[in-house]
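K.L.:
Enclosed is the structure file input.cif (mmCIF, C-alpha atoms).
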data_final
#
loop_
_atom_site.label_atom_id
_atom_site.label_comp_id
_atom_site.auth_asym_id
_atom_site.auth_seq_id
_atom_site.Cartn_x
_atom_site.Cartn_y
_atom_site.Cartn_z
CA MET P 717 0.00 0.00 0.00
CA PHE P 718 1.10 3.56 -0.62
CA LYS P 719 2.76 5.53 2.17
CA LYS P 720 1.85 9.03 1.00
CA VAL P 721 -0.65 10.18 -1.63
CA LEU P 722 -0.66 13.64 -3.17
CA ILE P 723 -4.13 14.80 -4.23
CA ALA P 724 -3.85 16.79 -7.45
CA ASN P 725 -7.23 18.42 -7.07
CA ARG P 726 -9.36 20.65 -4.85
CA GLY P 727 -12.80 21.00 -3.31
CA GLU P 728 -15.03 18.20 -2.13
CA ILE P 729 -13.28 15.45 -4.10
CA ALA P 730 -9.96 16.33 -2.46
CA VAL P 731 -11.65 16.07 0.96
CA ARG P 732 -13.23 12.75 -0.09
CA VAL P 733 -9.84 11.29 -1.10
CA ILE P 734 -8.17 12.49 2.12
CA ARG P 735 -10.83 10.71 4.16
CA ALA P 736 -10.40 7.46 2.23
CA CYS P 737 -6.61 7.63 2.60
CA ARG P 738 -6.85 8.28 6.31
CA GLU P 739 -9.00 5.16 6.79
CA LEU P 740 -6.41 3.18 4.82
CA GLY P 741 -3.58 4.51 6.98
CA ILE P 742 -2.06 6.57 4.17
CA GLN P 743 -0.60 10.04 4.69
CA THR P 744 -1.87 12.79 2.37
CA VAL P 745 -0.51 15.87 0.68
CA ALA P 746 -2.85 18.65 -0.45
CA VAL P 747 -1.83 20.99 -3.24
CA HIS P 748 -3.60 24.30 -3.56
CA SER P 749 -3.62 27.58 -5.42
CA GLU P 750 -3.20 30.91 -3.67
CA ALA P 751 -7.01 31.31 -3.88
CA ASP P 752 -7.55 28.02 -2.02
CA LYS P 753 -5.21 28.50 0.93
CA GLU P 754 -8.18 28.45 3.35
CA SER P 755 -9.90 25.50 1.69
CA LEU P 756 -10.92 22.53 3.84
CA HIS P 757 -8.74 20.01 2.00
CA VAL P 758 -5.71 22.11 2.91
CA ARG P 759 -6.67 21.95 6.58
CA LEU P 760 -7.39 18.21 6.61
CA ALA P 761 -4.30 16.90 4.79
CA ASP P 762 -1.14 15.88 6.64
CA LYS P 763 0.87 18.30 4.50
CA ALA P 764 -0.09 21.13 2.15
CA ILE P 765 1.87 22.96 -0.49
CA CYS P 766 0.97 25.93 -2.70
CA ILE P 767 1.53 25.26 -6.38
CA GLY P 768 0.68 28.61 -7.95
CA PRO P 769 -1.69 31.54 -8.35
CA ALA P 770 -5.48 31.29 -8.72
CA PRO P 771 -5.87 30.48 -12.46
CA ALA P 772 -6.09 26.71 -12.91
CA ALA P 773 -3.57 26.81 -15.76
CA ASP P 774 -0.99 28.17 -13.31
CA SER P 775 -1.82 25.81 -10.45
CA TYR P 776 -4.03 22.73 -10.70
CA LEU P 777 -3.08 22.17 -14.34
CA ASN P 778 0.60 23.00 -13.78
CA ILE P 779 2.20 19.57 -14.11
CA PRO P 780 5.79 20.61 -13.26
CA SER P 781 4.60 22.22 -10.02
CA ILE P 782 2.61 19.13 -9.06
CA ILE P 783 5.54 16.80 -9.74
CA SER P 784 7.82 19.10 -7.75
CA ALA P 785 5.35 18.98 -4.86
CA CYS P 786 5.51 15.17 -4.97
CA GLU P 787 9.30 15.24 -4.83
CA ILE P 788 9.42 17.80 -2.02
CA THR P 789 6.92 15.94 0.16
CA GLY P 790 8.01 12.39 -0.64
CA ALA P 791 4.69 11.28 -2.10
CA ASP P 792 4.75 7.91 -3.84
CA ALA P 793 1.34 8.17 -5.57
CA VAL P 794 -0.93 10.81 -7.07
CA HIS P 795 -4.72 10.84 -6.96
CA PRO P 796 -6.08 13.15 -9.68
CA GLY P 797 -9.71 13.29 -8.48
CA TYR P 798 -12.00 14.33 -11.34
CA GLY P 799 -11.63 17.18 -13.80
CA PHE P 800 -8.28 18.97 -14.18
CA LEU P 801 -5.65 16.28 -14.97
CA SER P 802 -7.69 13.17 -14.17
CA GLU P 803 -8.05 12.09 -17.81
CA ASN P 804 -4.75 13.45 -19.11
CA GLU P 805 -2.63 10.60 -20.47
CA ASP P 806 0.47 12.82 -20.56
CA PHE P 807 0.15 13.47 -16.83
CA ALA P 808 -0.22 9.74 -16.15
CA GLU P 809 2.91 9.07 -18.20
CA ILE P 810 4.89 11.82 -16.46
CA CYS P 811 3.90 10.44 -13.07
CA GLU P 812 5.13 7.02 -14.11
CA ALA P 813 8.40 8.46 -15.43
CA HIS P 814 9.03 10.04 -12.02
CA GLY P 815 8.41 6.82 -10.13
CA LEU P 816 4.93 7.86 -8.99
CA THR P 817 1.83 5.67 -9.17
CA PHE P 818 -1.03 7.40 -10.96
CA ILE P 819 -4.18 6.33 -9.11
CA GLY P 820 -6.20 5.59 -12.20
CA PRO P 821 -5.95 3.53 -15.38
CA SER P 822 -2.88 3.27 -17.60
CA LYS P 823 -1.97 6.11 -19.93
CA ASP P 824 -2.88 3.85 -22.87
CA SER P 825 -6.39 3.23 -21.49
CA ILE P 826 -6.88 6.94 -20.91
CA ALA P 827 -5.71 7.75 -24.44
CA ARG P 828 -7.86 5.09 -26.10
CA MET P 829 -11.06 5.67 -24.14
CA GLY P 830 -10.60 9.44 -23.86
CA ASN P 831 -10.75 9.73 -27.63
CA LYS P 832 -14.44 9.23 -28.33
CA ILE P 833 -13.82 8.06 -31.90
CA GLU P 834 -11.40 5.37 -30.73
CA ALA P 835 -13.68 4.49 -27.80
CA LYS P 836 -16.58 3.85 -30.17
CA LYS P 837 -14.40 1.49 -32.22
CA ILE P 838 -13.50 -0.43 -29.07
CA ALA P 839 -17.16 -0.60 -28.02
CA ARG P 840 -18.12 -1.85 -31.48
CA GLU P 841 -15.43 -4.56 -31.32
CA SER P 842 -16.78 -5.66 -27.94
CA GLY P 843 -20.24 -6.12 -29.49
CA CYS P 844 -21.94 -3.03 -28.09
CA ASP P 845 -24.55 -1.16 -30.14
CA LEU P 846 -23.59 2.32 -31.29
CA ILE P 847 -25.63 5.34 -32.32
CA PRO P 848 -25.27 5.82 -36.11
CA GLY P 849 -22.52 8.32 -36.82
CA SER P 850 -19.22 9.04 -38.54
CA PRO P 851 -16.57 6.34 -38.00
CA ASN P 852 -13.85 9.00 -38.02
CA GLY P 853 -13.48 12.70 -37.35
CA VAL P 854 -14.79 15.39 -39.70
CA THR P 855 -13.62 18.90 -40.56
CA PRO P 856 -15.65 21.91 -41.82
CA ASP P 857 -14.16 21.56 -45.30
CA ASP P 858 -14.45 17.77 -45.54
CA PRO P 859 -15.88 17.04 -49.02
CA GLU P 860 -17.44 13.78 -47.80
CA MET P 861 -19.17 15.37 -44.80
CA LEU P 862 -22.45 16.26 -46.52
CA LYS P 863 -22.77 12.80 -48.01
CA LEU P 864 -22.09 11.22 -44.63
CA ALA P 865 -24.57 13.55 -42.89
CA ARG P 866 -27.33 12.62 -45.34
CA LYS P 867 -26.68 8.97 -44.59
CA ILE P 868 -26.89 9.55 -40.81
CA GLY P 869 -29.95 11.79 -41.08
CA TYR P 870 -31.07 14.93 -39.25
CA PRO P 871 -31.21 15.97 -36.49
CA MET P 872 -27.64 15.07 -35.59
CA ILE P 873 -25.10 16.24 -33.07
CA VAL P 874 -21.50 17.35 -33.56
CA LYS P 875 -19.29 16.16 -30.70
CA ALA P 876 -15.72 16.84 -29.63
CA ALA P 877 -13.56 13.73 -29.95
CA GLY P 878 -11.35 14.50 -26.97
CA GLY P 879 -13.56 16.10 -24.30
CA GLY P 880 -16.87 16.19 -22.52
CA GLY P 881 -19.04 18.22 -20.17
CA GLY P 882 -21.10 19.67 -23.01
CA LYS P 883 -18.18 21.54 -24.58
CA GLY P 884 -17.57 21.17 -28.31
CA MET P 885 -21.14 20.00 -28.96
CA ARG P 886 -23.71 21.40 -31.39
CA ILE P 887 -27.11 20.09 -32.55
CA VAL P 888 -27.67 20.33 -36.30
CA THR P 889 -31.24 20.26 -37.58
CA HIS P 890 -30.69 20.98 -41.31
CA GLU P 891 -27.98 20.66 -43.91
CA GLU P 892 -27.37 24.39 -44.41
CA ALA P 893 -26.14 24.75 -40.83
CA LEU P 894 -23.84 21.72 -40.80
CA SER P 895 -20.56 23.32 -41.87
CA ASP P 896 -20.95 26.27 -39.50
CA MET P 897 -21.84 24.01 -36.56
CA VAL P 898 -18.84 21.76 -37.22
CA LYS P 899 -16.61 24.83 -37.29
CA LEU P 900 -18.07 26.20 -34.04
CA ALA P 901 -17.79 22.85 -32.26
CA SER P 902 -14.24 22.34 -33.51
CA ASN P 903 -13.12 25.79 -32.35
CA GLU P 904 -14.70 25.27 -28.93
CA ALA P 905 -13.11 21.83 -28.61
CA GLN P 906 -9.71 23.32 -29.43
CA ARG P 907 -10.11 25.99 -26.76
CA ALA P 908 -11.42 23.59 -24.11
CA PHE P 909 -9.33 20.48 -24.73
CA GLY P 910 -6.52 21.47 -27.09
CA ASP P 911 -7.98 19.04 -29.63
CA PRO P 912 -10.08 20.32 -32.59
CA ARG P 913 -11.32 16.91 -33.75
CA VAL P 914 -15.10 16.41 -33.88
CA TYR P 915 -17.40 13.73 -35.22
CA LEU P 916 -21.05 13.38 -36.23
CA GLU P 917 -23.68 11.30 -34.47
CA LYS P 918 -27.41 10.80 -34.89
CA TYR P 919 -29.24 12.90 -32.32
CA LEU P 920 -31.55 10.83 -30.15
CA GLU P 921 -34.42 13.02 -29.03
CA GLY P 922 -35.29 12.60 -25.38
CA PRO P 923 -33.12 9.60 -24.40
CA ARG P 924 -32.16 8.57 -20.90
CA HIS P 925 -28.54 8.91 -19.79
CA ILE P 926 -27.59 5.65 -18.08
CA GLU P 927 -24.11 4.78 -16.82
CA VAL P 928 -22.40 1.78 -15.27
CA GLN P 929 -19.61 1.95 -12.70
CA ILE P 930 -16.87 -0.63 -13.19
CA LEU P 931 -14.00 -1.79 -10.99
CA ALA P 932 -11.07 -3.73 -12.43
CA ASP P 933 -7.93 -5.20 -10.89
CA LYS P 934 -4.52 -5.84 -12.43
CA LYS P 935 -5.29 -9.55 -12.81
CA GLY P 936 -8.01 -8.84 -15.38
CA LYS P 937 -11.06 -9.22 -13.16
CA VAL P 938 -13.81 -6.69 -13.87
CA VAL P 939 -16.94 -6.11 -11.81
CA ALA P 940 -19.79 -3.92 -13.08
CA LEU P 941 -22.12 -2.31 -10.54
CA PRO P 942 -25.85 -1.42 -10.79
CA GLU P 943 -26.57 1.51 -13.09
CA ARG P 944 -26.98 5.21 -12.35
CA ASP P 945 -29.60 7.33 -14.11
CA CYS P 946 -28.17 10.78 -14.86
CA SER P 947 -30.91 12.07 -17.16
CA VAL P 948 -31.66 15.30 -15.29
CA GLN P 949 -29.28 17.63 -17.11
CA ARG P 950 -28.99 21.21 -18.21
CA ARG P 951 -26.86 21.90 -21.27
CA TYR P 952 -25.28 18.45 -20.96
CA GLN P 953 -24.32 19.06 -17.31
CA LYS P 954 -25.65 16.48 -14.86
CA LEU P 955 -27.65 17.92 -11.96
CA ILE P 956 -29.44 15.02 -10.26
CA GLU P 957 -28.43 11.36 -10.32
CA GLU P 958 -30.07 8.26 -8.91
CA SER P 959 -29.57 4.53 -8.64
CA PRO P 960 -31.07 2.25 -9.69
CA SER P 961 -32.76 3.76 -12.74
CA PRO P 962 -36.58 3.71 -12.54
CA ALA P 963 -36.63 2.71 -16.21
CA VAL P 964 -34.23 -0.25 -16.22
CA SER P 965 -35.57 -3.77 -15.70
CA ASP P 966 -33.58 -6.63 -14.22
CA LYS P 967 -33.16 -8.12 -17.70
CA GLN P 968 -31.92 -4.81 -19.13
CA ARG P 969 -29.57 -4.38 -16.17
CA LYS P 970 -27.89 -7.69 -16.91
CA ARG P 971 -27.35 -6.65 -20.54
CA LEU P 972 -25.98 -3.27 -19.49
CA LEU P 973 -23.54 -4.68 -16.97
CA ARG P 974 -22.35 -7.34 -19.41
CA ALA P 975 -21.74 -4.70 -22.11
CA ALA P 976 -19.82 -2.43 -19.70
CA ARG P 977 -17.73 -5.33 -18.45
CA LYS P 978 -16.79 -6.42 -21.98
CA ILE P 979 -15.70 -2.90 -22.96
CA ALA P 980 -13.47 -2.62 -19.88
CA GLN P 981 -11.96 -6.03 -20.60
CA GLU P 982 -11.39 -5.12 -24.25
CA VAL P 983 -9.20 -2.17 -23.28
CA GLY P 984 -7.45 -3.89 -20.36
CA TYR P 985 -8.82 -1.38 -17.90
CA VAL P 986 -7.59 -1.11 -14.28
CA THR P 987 -9.04 0.73 -11.21
CA VAL P 988 -12.45 2.45 -11.46
CA GLY P 989 -14.24 3.97 -14.43
CA THR P 990 -17.66 4.55 -15.89
CA ILE P 991 -19.22 3.36 -19.14
CA GLU P 992 -21.97 5.72 -20.31
CA PHE P 993 -24.95 4.78 -22.47
CA LEU P 994 -27.99 6.43 -24.00
CA MET P 995 -31.29 4.55 -23.76
CA ASP P 996 -33.96 5.35 -26.35
CA LYS P 997 -37.73 5.32 -25.84
CA ASN P 998 -37.87 1.67 -26.91
CA GLY P 999 -35.43 0.56 -24.23
CA ALA P 1000 -32.46 0.04 -26.58
CA PHE P 1001 -29.02 0.98 -25.23
CA TYR P 1002 -26.20 2.61 -27.18
CA PHE P 1003 -22.62 3.16 -26.04
CA MET P 1004 -21.78 6.84 -25.65
CA GLU P 1005 -18.39 7.19 -23.94
CA MET P 1006 -16.20 6.12 -21.05
CA ASN P 1007 -14.96 8.30 -18.20
CA THR P 1008 -11.59 6.99 -17.03
CA ARG P 1009 -11.78 8.35 -13.47
CA ILE P 1010 -13.94 8.55 -10.37
CA GLN P 1011 -17.06 10.61 -11.05
CA VAL P 1012 -18.93 13.32 -9.18
CA GLU P 1013 -21.94 11.04 -8.81
CA HIS P 1014 -20.10 8.01 -7.41
CA PRO P 1015 -21.77 8.35 -3.96
CA VAL P 1016 -25.15 7.10 -5.23
CA THR P 1017 -23.49 3.82 -6.19
CA GLU P 1018 -21.74 3.69 -2.82
CA MET P 1019 -25.08 4.13 -1.07
CA VAL P 1020 -26.77 1.41 -3.13
CA THR P 1021 -23.97 -1.17 -2.93
CA GLY P 1022 -22.29 -0.38 0.40
CA LEU P 1023 -18.87 -0.20 -1.34
CA ASP P 1024 -16.31 2.58 -0.79
CA LEU P 1025 -15.33 3.30 -4.40
CA VAL P 1026 -12.53 5.74 -3.58
CA LYS P 1027 -10.90 3.23 -1.25
CA TRP P 1028 -11.21 0.58 -3.91
CA GLN P 1029 -9.71 2.92 -6.51
CA ILE P 1030 -6.66 3.40 -4.30
CA MET P 1031 -6.35 -0.28 -3.41
CA LEU P 1032 -6.67 -1.41 -7.03
CA ALA P 1033 -3.99 1.08 -8.11
CA ALA P 1034 -1.75 -0.41 -5.41
CA GLY P 1035 -2.23 -3.86 -6.94
CA GLU P 1036 -4.81 -5.37 -4.61
CA ARG P 1037 -7.30 -7.81 -6.09
CA LEU P 1038 -11.08 -7.55 -6.13
CA THR P 1039 -12.45 -9.71 -3.33
CA PHE P 1040 -16.05 -9.94 -4.52
CA ASP P 1041 -18.00 -10.88 -7.63
CA GLU P 1042 -20.92 -9.26 -9.41
CA ASP P 1043 -23.25 -11.88 -8.00
CA ASP P 1044 -22.30 -10.69 -4.50
CA ILE P 1045 -23.70 -7.21 -5.19
CA ARG P 1046 -27.29 -6.55 -4.22
CA ILE P 1047 -29.28 -3.36 -4.73
CA ARG P 1048 -29.71 -2.55 -1.08
CA THR P 1049 -31.67 0.69 -1.36
CA HIS P 1050 -32.59 3.59 -3.66
CA ALA P 1051 -30.23 6.58 -3.69
CA ILE P 1052 -30.50 10.10 -5.11
CA GLU P 1053 -27.84 12.81 -5.37
CA CYS P 1054 -28.37 16.55 -5.88
CA ARG P 1055 -25.44 18.76 -6.82
CA VAL P 1056 -25.70 22.06 -4.96
CA ASN P 1057 -23.83 24.77 -6.86
CA ALA P 1058 -23.10 28.41 -6.08
CA GLU P 1059 -25.32 29.57 -8.93
CA ASP P 1060 -28.46 31.65 -9.25
CA SER P 1061 -30.90 29.17 -10.77
CA GLU P 1062 -33.53 31.89 -11.03
CA HIS P 1063 -31.31 33.92 -13.39
CA ASP P 1064 -29.82 31.56 -15.97
CA PHE P 1065 -27.60 29.79 -13.40
CA VAL P 1066 -25.13 32.68 -13.28
CA PRO P 1067 -22.23 31.88 -10.89
CA SER P 1068 -22.54 33.29 -7.37
CA PRO P 1069 -19.09 33.40 -5.76
CA GLY P 1070 -18.53 35.12 -2.44
CA LYS P 1071 -18.33 34.56 1.31
CA VAL P 1072 -20.55 31.89 2.82
CA GLU P 1073 -21.93 33.57 5.92
CA LYS P 1074 -23.76 30.52 7.28
CA PHE P 1075 -23.49 26.85 6.29
CA ILE P 1076 -25.57 24.24 8.12
CA VAL P 1077 -25.87 20.82 6.47
CA PRO P 1078 -28.86 18.49 6.77
CA GLY P 1079 -28.64 15.25 8.72
CA GLY P 1080 -30.73 12.37 10.00
CA PRO P 1081 -31.09 8.78 8.80
CA GLY P 1082 -29.93 8.05 5.26
CA VAL P 1083 -28.52 11.52 4.55
CA ARG P 1084 -24.94 12.17 3.43
CA VAL P 1085 -23.34 15.49 2.48
CA ASP P 1086 -19.99 15.62 0.66
CA THR P 1087 -18.59 19.14 0.82
CA HIS P 1088 -15.51 21.30 1.33
CA VAL P 1089 -17.50 24.35 2.46
CA TYR P 1090 -17.91 25.77 5.98
CA SER P 1091 -19.30 28.96 7.52
CA GLY P 1092 -16.91 31.78 6.67
CA TYR P 1093 -15.50 30.05 3.57
CA THR P 1094 -15.15 32.22 0.48
CA VAL P 1095 -16.21 30.60 -2.79
CA PRO P 1096 -13.60 31.67 -5.37
CA PRO P 1097 -14.73 32.70 -8.86
CA PHE P 1098 -12.00 30.72 -10.63
CA TYR P 1099 -13.25 27.13 -10.48
CA ASP P 1100 -16.27 24.85 -10.67
CA SER P 1101 -19.12 26.22 -8.55
CA LEU P 1102 -19.95 22.95 -6.75
CA LEU P 1103 -20.58 23.59 -3.05
CA ALA P 1104 -21.88 20.24 -1.89
CA LYS P 1105 -23.45 16.98 -2.93
CA VAL P 1106 -26.50 15.88 -0.95
CA ILE P 1107 -27.04 12.14 -1.19
CA VAL P 1108 -29.93 10.27 0.38
CA GLN P 1109 -31.01 6.65 0.52
CA HIS P 1110 -34.24 4.92 1.46
CA ASP P 1111 -36.08 1.66 0.91
CA ASN P 1112 -37.71 2.77 -2.34
CA ARG P 1113 -37.68 5.67 -4.79
CA ASP P 1114 -40.74 7.49 -3.45
CA ALA P 1115 -39.33 7.42 0.07
CA ALA P 1116 -35.93 8.58 -1.20
CA ILE P 1117 -37.54 11.56 -2.97
CA THR P 1118 -39.37 12.49 0.21
CA ARG P 1119 -36.16 12.23 2.22
CA MET P 1120 -34.26 14.40 -0.29
CA ARG P 1121 -36.97 17.07 -0.12
CA ARG P 1122 -36.67 17.02 3.65
CA ALA P 1123 -32.85 17.26 3.49
CA LEU P 1124 -32.81 20.15 1.04
CA GLY P 1125 -35.34 21.96 3.21
CA GLU P 1126 -32.91 21.72 6.15
CA PHE P 1127 -29.86 22.87 4.19
CA ILE P 1128 -28.98 26.45 5.19
CA ILE P 1129 -26.54 28.38 2.99
CA GLU P 1130 -26.36 32.15 3.37
CA GLY P 1131 -24.14 34.64 1.56
CA VAL P 1132 -24.28 33.09 -1.92
CA ARG P 1133 -27.13 32.00 -4.18
CA THR P 1134 -27.50 28.26 -4.71
CA THR P 1135 -29.33 25.75 -6.88
CA ILE P 1136 -31.34 24.34 -3.97
CA PRO P 1137 -34.58 26.03 -5.20
CA PHE P 1138 -34.06 24.43 -8.60
CA HIS P 1139 -33.66 20.96 -7.09
CA GLN P 1140 -36.80 21.46 -5.04
CA LYS P 1141 -38.74 22.30 -8.21
CA VAL P 1142 -37.53 19.14 -9.91
CA LEU P 1143 -38.32 16.90 -6.94
CA GLU P 1144 -41.84 18.34 -6.69
CA HIS P 1145 -42.59 17.85 -10.39
CA GLU P 1146 -45.08 15.12 -11.19
CA ALA P 1147 -43.08 13.76 -14.13
CA PHE P 1148 -39.96 13.33 -11.98
CA ARG P 1149 -41.92 11.61 -9.23
CA TYR P 1150 -43.29 9.16 -11.79
CA GLY P 1151 -39.78 8.52 -13.13
CA ASP P 1152 -40.66 9.98 -16.52
CA VAL P 1153 -37.26 11.61 -16.98
CA THR P 1154 -35.16 12.07 -20.10
CA THR P 1155 -32.27 14.37 -20.96
CA ASN P 1156 -34.70 17.06 -22.14
CA PHE P 1157 -36.65 17.01 -18.86
CA ILE P 1158 -35.38 20.43 -17.71
CA ALA P 1159 -36.10 22.19 -21.00
CA LYS P 1160 -39.52 20.56 -21.18
CA HIS P 1161 -40.76 20.92 -17.61
CA ILE P 1162 -38.80 23.50 -15.58
CA ALA P 1163 -39.51 27.01 -16.81
CA GLY P 1164 -36.76 29.63 -16.85
CA THR P 1165 -33.83 27.19 -16.81
CA GLU P 1166 -32.84 27.16 -20.47
#
Would you write the structure of this file as structure tokens?
P.N.:
Amino acid sequence: MFKKVLIANRGEIAVRVIRACRELGIQTVAVHSEADKESLHVRLADKAICIGPAPAADSYLNIPSIISACEITGADAVHPGYGFLSENEDFAEICEAHGLTFIGPSKDSIARMGNKIEAKKIARESGCDLIPGSPNGVTPDDPEMLKLARKIGYPMIVKAAGGGGGKGMRIVTHEEALSDMVKLASNEAQRAFGDPRVYLEKYLEGPRHIEVQILADKKGKVVALPERDCSVQRRYQKLIEESPSPAVSDKQRKRLLRAARKIAQEVGYVTVGTIEFLMDKNGAFYFMEMNTRIQVEHPVTEMVTGLDLVKWQIMLAAGERLTFDEDDIRIRTHAIECRVNAEDSEHDFVPSPGKVEKFIVPGGPGVRVDTHVYSGYTVPPFYDSLLAKVIVQHDNRDAAITRMRRALGEFIIEGVRTTIPFHQKVLEHEAFRYGDVTTNFIAKHIAGTE
């Protein structure tokens, strides 16, 4: 097992990793920007070191500074969290070159599955269904693009090959707009990911976003866990997640888990990751992409299965073997997660940085809050606006919704605007309560959010 882990991240995920390391008897090193010197992860870690000024490019994305921090503090492993460098194959390779264990998959797995075009080829080879689309990337001046687009059919979506989070994506409803949309998506992908490649894909109207968490050890064993439903989204950003999905039957679940397991085996994956699918109105599943890291929404799977995924991620990176099989996993409960952001959901979700004057989290049976915020903390304007994740569990979905409404009603945050009112609107909506949720739920049902 590792002696000292450096967490190359910030916020609630850095706190989450510190807690897992502490329970495993591992010392931790927090890195932070000048803007984060008072952050909770800095206070909780065994050691902390500043790696640069506030802009992420000069701190959390500054690979030389992070490697230097490892050398100064004697860390023998690096946990990248999510975002920032977590899916950067160059960073994984540099860690390896400096004798550091990257707590994640190999650089080759990151490179292959991080490129959505390559990932689709791997999924196809493993026997998974794909949404009709271009087998390779396209450019605005590609002479074959119009012919290919006519074959796919409108509406379609242009997607960045090397990124995610809604960046580098454009919906195209007619041929005249295709070239311009490809150009816009390509330019945005270049700015966001340093990679201008995009591809075309048939646009499924109103699908569900379903994903499967996988764990894999270095001996080739892969275990797939019950699915998460992440269909409540705004502009491709997930807002509420739950497990299990209210729309997935036991038979469908078996197919999903088998498909996810085969994809992970095909690429020789190690540690934890997530295979994402789209499910159409007929119940058919299509591979979308793989996230080669721990995800924001991992707690709903932890609540349902009783597993500590962050601990397992660390143990698997250290070479430990999986000690359970898929058949050992039972869906113990129903779990829901709401992401509470420092945003004004009443005014186009504009960011709301500033000092948190009061911060009182909800509690009681079946309520968990993952956060790095405390009363007096100042939310910086430089990073993701996530304040906390509220996760609840109960015997069934209706009871879990009721418990989440109770928890959000107890959550007191003063000094900044938050998305709690938005979450309350969703939870009270009849369609959500019935489980009638697709990726266009927000645009269709929640006024003033698009």
K.L.:
Select, from P:Leu920, P:Leu777, P:Val914, P:Ala905, the residue with the minimum atom-to-atom distance to Ile868 in chain P, counting only C-alpha atoms.
P.N.:
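Closest residue, counting only C-alpha atoms: P:Leu920.
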K.L.:
Show which residues sit within 9 Å of Gly879 in chain P, as a VMD selection string. Count all atoms listed in the file, and ignore same-chain residues fewer than 6 positions away.
P.N.:
chain P and resid 830 to 832 905 908 to 909 911
K.L.:
Could you work out how far CA of Cys946 in chain P lies from CA of Asn852 in chain P, giving the answer in Å with one decimal?
P.N.:
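Taking CA of Asn852 in chain P as the start and CA of Cys946 in chain P as the end point, the length is 27.3 Å.
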K.L.:
The PyMOL selection byres ((chain P and resi 764) around 12) on the file shown: which residues, as a VMD selection string?
P.N.:
chain P and resid 721 to 726 730 734 743 to 750 752 to 763 765 to 767 782 785 to 786 788 to 789 791
K.L.:
Could you write out the selected residues, including C-alpha atoms, as a tab-separated table (two decimals), in the frame of the given file?
P.N.:
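Resulting contents of result-v2.tsv:
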chain	number	residue	atom	x	y	z
P	721	VAL	CA	-0.65	10.18	-1.63
P	722	LEU	CA	-0.66	13.64	-3.17
P	723	ILE	CA	-4.13	14.80	-4.23
P	724	ALA	CA	-3.85	16.79	-7.45
P	725	ASN	CA	-7.23	18.42	-7.07
P	726	ARG	CA	-9.36	20.65	-4.85
P	730	ALA	CA	-9.96	16.33	-2.46
P	734	ILE	CA	-8.17	12.49	2.12
P	743	GLN	CA	-0.60	10.04	4.69
P	744	THR	CA	-1.87	12.79	2.37
P	745	VAL	CA	-0.51	15.87	0.68
P	746	ALA	CA	-2.85	18.65	-0.45
P	747	VAL	CA	-1.83	20.99	-3.24
P	748	HIS	CA	-3.60	24.30	-3.56
P	749	SER	CA	-3.62	27.58	-5.42
P	750	GLU	CA	-3.20	30.91	-3.67
P	752	ASP	CA	-7.55	28.02	-2.02
P	753	LYS	CA	-5.21	28.50	0.93
P	754	GLU	CA	-8.18	28.45	3.35
P	755	SER	CA	-9.90	25.50	1.69
P	756	LEU	CA	-10.92	22.53	3.84
P	757	HIS	CA	-8.74	20.01	2.00
P	758	VAL	CA	-5.71	22.11	2.91
P	759	ARG	CA	-6.67	21.95	6.58
P	760	LEU	CA	-7.39	18.21	6.61
P	761	ALA	CA	-4.30	16.90	4.79
P	762	ASP	CA	-1.14	15.88	6.64
P	763	LYS	CA	0.87	18.30	4.50
P	765	ILE	CA	1.87	22.96	-0.49
P	766	CYS	CA	0.97	25.93	-2.70
P	767	ILE	CA	1.53	25.26	-6.38
P	782	ILE	CA	2.61	19.13	-9.06
P	785	ALA	CA	5.35	18.98	-4.86
P	786	CYS	CA	5.51	15.17	-4.97
P	788	ILE	CA	9.42	17.80	-2.02
P	789	THR	CA	6.92	15.94	0.16
P	791	ALA	CA	4.69	11.28	-2.10
K.L.:
Residues picked by the PyMOL selection byres ((chain P and resi 1018-1024) around 8) here, as a list in words?
P.N.:
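Here the PyMOL selection byres ((chain P and resi 1018-1024) around 8) matches Leu941, Ser959, Pro960, His1014, Pro1015, Val1016, Thr1017, Leu1025, Val1026, Lys1027, Trp1028, Ile1045, Arg1046, Ile1047, Arg1048, Thr1049, His1050, Ala1051, Val1108 and Gln1109 of chain P.
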